[in-house]
file data_24.cif (mmCIF, C-alpha atoms)
data_target
loop_
_atom_site.label_atom_id
_atom_site.label_comp_id
_atom_site.auth_asym_id
_atom_site.auth_seq_id
_atom_site.Cartn_x
_atom_site.Cartn_y
_atom_site.Cartn_z
CA MET X 1 3.88 -110.42 33.32
CA PHE X 2 5.05 -112.51 30.37
CA HIS X 3 4.14 -116.10 29.53
CA GLY X 4 5.53 -118.23 26.73
CA PRO X 5 2.90 -120.69 25.47
CA ARG X 6 5.49 -122.94 23.78
CA ASN X 7 3.51 -125.81 22.20
CA THR X 8 0.03 -124.42 22.76
CA GLU X 9 -1.46 -122.55 19.83
CA PRO X 10 -2.09 -118.95 21.05
CA LYS X 11 -5.53 -118.96 19.41
CA GLU X 12 -6.53 -121.83 21.73
CA ILE X 13 -5.61 -119.60 24.66
CA TYR X 14 -7.23 -116.34 23.65
CA THR X 15 -10.45 -117.98 22.46
CA SER X 16 -10.75 -120.16 25.56
CA ASP X 17 -13.02 -119.31 28.48
CA TYR X 18 -10.07 -120.02 30.78
CA GLY X 19 -7.20 -118.23 29.07
CA LEU X 20 -4.04 -119.96 30.23
CA ASP X 21 -4.95 -123.29 31.80
CA HIS X 22 -2.52 -125.16 34.03
CA ARG X 23 -4.35 -128.42 33.25
CA HIS X 24 -2.87 -128.29 29.73
CA SER X 25 0.65 -127.30 30.69
CA GLN X 26 3.70 -129.48 30.98
CA GLN X 27 5.09 -130.29 34.40
CA GLY X 28 7.57 -127.61 35.43
CA TYR X 29 10.06 -127.45 38.29
CA TYR X 30 7.41 -126.11 40.69
CA GLY X 31 4.73 -128.49 39.52
CA ASN X 32 1.82 -128.21 37.16
CA GLY X 33 1.17 -124.47 37.40
CA ILE X 34 1.08 -121.48 35.08
CA TYR X 35 4.51 -119.84 34.96
CA PHE X 36 5.15 -116.13 34.45
CA SER X 37 8.17 -113.88 34.40
CA ASP X 38 8.55 -110.12 34.47
CA ASN X 39 11.47 -110.61 32.08
CA ALA X 40 10.40 -111.04 28.45
CA ASN X 41 13.89 -112.31 27.57
CA TYR X 42 13.39 -115.31 29.84
CA CYS X 43 10.09 -116.13 28.14
CA HIS X 44 11.93 -116.15 24.83
CA ASN X 45 12.90 -119.73 25.75
CA TYR X 46 9.21 -120.65 25.76
CA VAL X 47 7.92 -118.82 22.69
CA HIS X 48 5.35 -120.33 20.39
CA THR X 49 6.64 -120.38 16.83
CA GLY X 50 3.90 -119.87 14.30
CA SER X 51 2.97 -117.75 11.33
CA ASP X 52 1.29 -114.38 11.08
CA PHE X 53 -0.01 -112.33 8.19
CA VAL X 54 2.33 -109.32 7.91
CA ASN X 55 2.28 -106.80 5.04
CA GLY X 56 0.33 -109.14 2.77
CA ASN X 57 2.56 -112.18 3.42
CA PHE X 58 2.69 -115.01 5.92
CA LYS X 59 5.86 -114.83 8.01
CA SER X 60 7.30 -117.05 10.70
CA VAL X 61 6.90 -115.29 14.04
CA LYS X 62 7.57 -115.97 17.70
CA GLN X 63 4.76 -115.29 20.13
CA ILE X 64 4.43 -114.70 23.87
CA PHE X 65 1.63 -113.29 26.00
CA LEU X 66 1.65 -110.21 28.17
CA CYS X 67 -0.74 -111.08 30.99
CA TYR X 68 -2.50 -109.58 33.94
CA VAL X 69 -1.75 -111.77 36.97
CA VAL X 70 -3.18 -111.55 40.48
CA ALA X 71 -0.24 -112.69 42.59
CA GLY X 72 -1.95 -112.10 45.93
CA GLU X 73 0.12 -113.32 48.85
CA SER X 74 3.09 -115.08 47.34
CA ILE X 75 5.74 -117.20 49.00
CA LYS X 76 9.29 -117.78 47.86
CA LEU X 77 10.03 -121.52 47.84
CA SER X 78 12.73 -123.98 47.01
CA LYS X 79 10.30 -126.91 47.17
CA GLN X 80 9.28 -128.39 43.84
CA ASN X 81 6.47 -130.46 42.28
CA LEU X 82 3.55 -128.61 43.87
CA LYS X 83 -0.06 -129.04 42.81
CA VAL X 84 -1.26 -126.05 44.85
CA PRO X 85 0.50 -123.41 46.95
CA PRO X 86 1.18 -124.46 50.56
CA TYR X 87 -1.04 -123.60 53.49
CA LYS X 88 0.06 -120.50 55.36
CA ARG X 89 0.02 -122.42 58.65
CA ASP X 90 2.38 -125.07 57.19
CA PHE X 91 4.86 -122.36 56.41
CA GLN X 92 5.08 -121.51 60.10
CA HIS X 93 5.88 -125.10 61.08
CA ASN X 94 8.29 -125.90 58.26
CA ARG X 95 10.05 -122.63 57.61
CA GLN X 96 13.40 -124.02 58.77
CA THR X 97 13.25 -127.04 56.46
CA ASP X 98 11.23 -126.73 53.27
CA PHE X 99 10.47 -123.08 52.93
CA ILE X 100 12.36 -119.84 52.68
CA GLN X 101 10.77 -117.04 54.66
CA SER X 102 9.10 -114.45 52.52
CA ASP X 103 10.03 -110.84 53.26
CA LYS X 104 6.42 -109.89 52.43
CA LEU X 105 5.06 -111.61 55.53
CA THR X 106 5.50 -109.77 58.79
CA ASN X 107 2.19 -110.30 60.58
CA ARG X 108 2.23 -113.49 62.68
CA ASP X 109 -1.56 -113.83 62.34
CA VAL X 110 -1.14 -114.78 58.71
CA PHE X 111 0.65 -117.97 59.79
CA ASN X 112 -2.40 -119.24 61.67
CA SER X 113 -4.64 -118.91 58.64
CA PRO X 114 -6.40 -122.02 57.27
CA THR X 115 -5.92 -120.63 53.76
CA ARG X 116 -3.23 -121.21 51.17
CA PHE X 117 -0.84 -118.76 49.63
CA ASP X 118 -2.08 -117.39 46.32
CA SER X 119 1.09 -117.95 44.32
CA VAL X 120 4.67 -119.20 44.51
CA GLU X 121 7.91 -117.50 43.51
CA ASN X 122 11.19 -119.23 42.77
CA GLU X 123 14.23 -118.52 44.93
CA ASP X 124 15.53 -115.55 42.95
CA ARG X 125 12.00 -114.23 42.34
CA SER X 126 12.37 -114.32 38.57
CA HIS X 127 9.28 -116.55 38.18
CA LEU X 128 5.78 -116.40 39.55
CA ILE X 129 3.69 -119.56 39.49
CA ILE X 130 -0.07 -119.71 39.97
CA TYR X 131 -2.13 -122.89 40.19
CA ASP X 132 -5.54 -121.36 39.53
CA TYR X 133 -6.39 -120.14 36.03
CA ASN X 134 -8.86 -117.63 37.50
CA LYS X 135 -5.92 -115.47 38.64
CA GLN X 136 -4.64 -114.54 35.18
CA TYR X 137 -5.77 -112.91 31.98
CA PRO X 138 -3.76 -113.11 28.73
CA ALA X 139 -4.26 -109.48 27.70
CA TYR X 140 -1.91 -109.15 24.72
CA LEU X 141 -0.37 -111.56 22.25
CA LEU X 142 3.05 -110.24 21.24
CA SER X 143 4.36 -111.42 17.86
CA PHE X 144 7.92 -110.74 16.73
CA GLU X 145 10.50 -112.06 14.29
#

call {"tool": "encode", "arguments": {"input": "data_24.cif", "output": "structure tokens"}}
result
Amino acid sequence: MFHGPRNTEPKEIYTSDYGLDHRHSQQGYYGNGIYFSDNANYCHNYVHTGSDFVNGNFKSVKQIFLCYVVAGESIKLSKQNLKVPPYKRDFQHNRQTDFIQSDKLTNRDVFNSPTRFDSVENEDRSHLIIYDYNKQYPAYLLSFE
């Protein structure tokens, strides 16, 4: 999946022990998480603009990351300003008000779980948000003009 680092210097990300770190990100619609998209064009809005050494010259380039992301059990939500994904059991009680039922969940036992969902998707599933930096790895830095 793609991630645009915007104001964070990519070198800070790929030399960090944590990779992408939600503690250093700006508050987004779904809270302070790490946002990904499977559409590189969307991430173009969040590119980091920097310089790169190309053919013996420094050139202005735009940069985004191609990342490995462990989505796990994800839930599609309309709720915003989260700090962590919701509990699975809360989804059962609130599905008519706050949450949109995920088509990935068919087993009723999952709703009685004391655990949280692993990630959150926006309503049209164009974004995946994780709140734990251990579930991602910025594998490639893509630079383009």

call {"tool": "closest_residue", "arguments": {"input": "data_24.cif", "among": "X:Gln80, X:Ser143, X:Asn134, X:Asn122", "to": "Asn32 (chain X)", "atoms": "all atoms listed in the file"}}
result
X:Gln80

call {"tool": "closest_residue", "arguments": {"input": "data_24.cif", "among": "X:Lys135, X:Arg125, X:His3, X:His22", "to": "Tyr46 (chain X)", "atoms": "only C-alpha atoms"}}
result
X:His3

call {"tool": "residues_around", "arguments": {"input": "data_24.cif", "residues": "Pro114 (chain X)", "least_positions_apart": "4", "cutoff": "9 Å", "atoms": "all atoms listed in the file", "output": "list in words"}}
result
Tyr87, Lys88 and Arg89 of chain X

call {"tool": "write_last_selection", "arguments": {"input": "data_24.cif", "atoms": "C-alpha atoms", "output": "compact mmCIF listing (two decimals), in the coordinates of the input"}}
result
# COMPACT_ATOMS: atom_id res chain seq x y z
CA TYR X 87 -1.04 -123.60 53.49
CA LYS X 88 0.06 -120.50 55.36
CA ARG X 89 0.02 -122.42 58.65

call {"tool": "closest_residue", "arguments": {"input": "data_24.cif", "among": "X:Ile75, X:Ile130, X:Ile64, X:Val70", "to": "Lys11 (chain X)", "atoms": "all atoms listed in the file"}}
result
X:Ile64

call {"tool": "closest_residue", "arguments": {"input": "data_24.cif", "among": "X:Ser37, X:Asn55, X:Ser60, X:Asn81", "to": "Asp124 (chain X)", "atoms": "all atoms listed in the file"}}
result
X:Ser37

call {"tool": "resolve_selection", "arguments": {"input": "data_24.cif", "expression": "the PyMOL selection byres ((chain X and resi 123) around 9)", "output": "PyMOL selection string"}}
result
chain X and resi 76-78+100+121-122+124-127

call {"tool": "residues_around", "arguments": {"input": "data_24.cif", "residues": "Glu145 (chain X)", "least_positions_apart": "6", "cutoff": "9 Å", "atoms": "all atoms listed in the file", "output": "PyMOL selection string"}}
result
chain X and resi 59-63

call {"tool": "write_last_selection", "arguments": {"input": "data_24.cif", "atoms": "C-alpha atoms", "output": "PDB file, in the coordinates of the input"}}
result
ATOM      1  CA  LYS X  59       5.860-114.830   8.010  1.00  0.00           C
ATOM      2  CA  SER X  60       7.300-117.050  10.700  1.00  0.00           C
ATOM      3  CA  VAL X  61       6.900-115.290  14.040  1.00  0.00           C
ATOM      4  CA  LYS X  62       7.570-115.970  17.700  1.00  0.00           C
ATOM      5  CA  GLN X  63       4.760-115.290  20.130  1.00  0.00           C
TER       6      GLN X  63
END

call {"tool": "atom_distance", "arguments": {"input": "data_24.cif", "atom1": "CA of Gly4 (chain X)", "atom2": "CA of Tyr29 (chain X)"}}
result
15.5 Å

call {"tool": "resolve_selection", "arguments": {"input": "data_24.cif", "expression": "the PyMOL selection byres ((chain X and resi 74) around 7)", "output": "list in words"}}
result
Ala71, Gly72, Glu73, Ile75, Lys76, Phe117, Asp118, Ser119, Val120 and Glu121 of chain X

call {"tool": "residues_around", "arguments": {"input": "data_24.cif", "residues": "Phe2 (chain X)", "least_positions_apart": "2", "cutoff": "7 Å", "atoms": "only C-alpha atoms", "output": "list in words"}}
result
Gly4, Phe36, Ser37, Asp38, Asn39, Ala40, Cys43, Ile64, Phe65, Leu66 and Cys67 of chain X

call {"tool": "closest_residue", "arguments": {"input": "data_24.cif", "among": "X:Tyr18, X:Asn41, X:Gly33, X:Ile13", "to": "Ile129 (chain X)", "atoms": "all atoms listed in the file"}}
result
X:Gly33

call {"tool": "closest_residue", "arguments": {"input": "data_24.cif", "among": "X:Tyr14, X:Val54, X:Tyr30, X:Met1", "to": "Leu141 (chain X)", "atoms": "all atoms listed in the file"}}
result
X:Tyr14

call {"tool": "atom_distance", "arguments": {"input": "data_24.cif", "atom1": "CA of Ser16 (chain X)", "atom2": "CA of Arg116 (chain X)"}}
result
26.7 Å

call {"tool": "atom_distance", "arguments": {"input": "data_24.cif", "atom1": "CA of Asp132 (chain X)", "atom2": "CA of Leu82 (chain X)"}}
result
12.4 Å
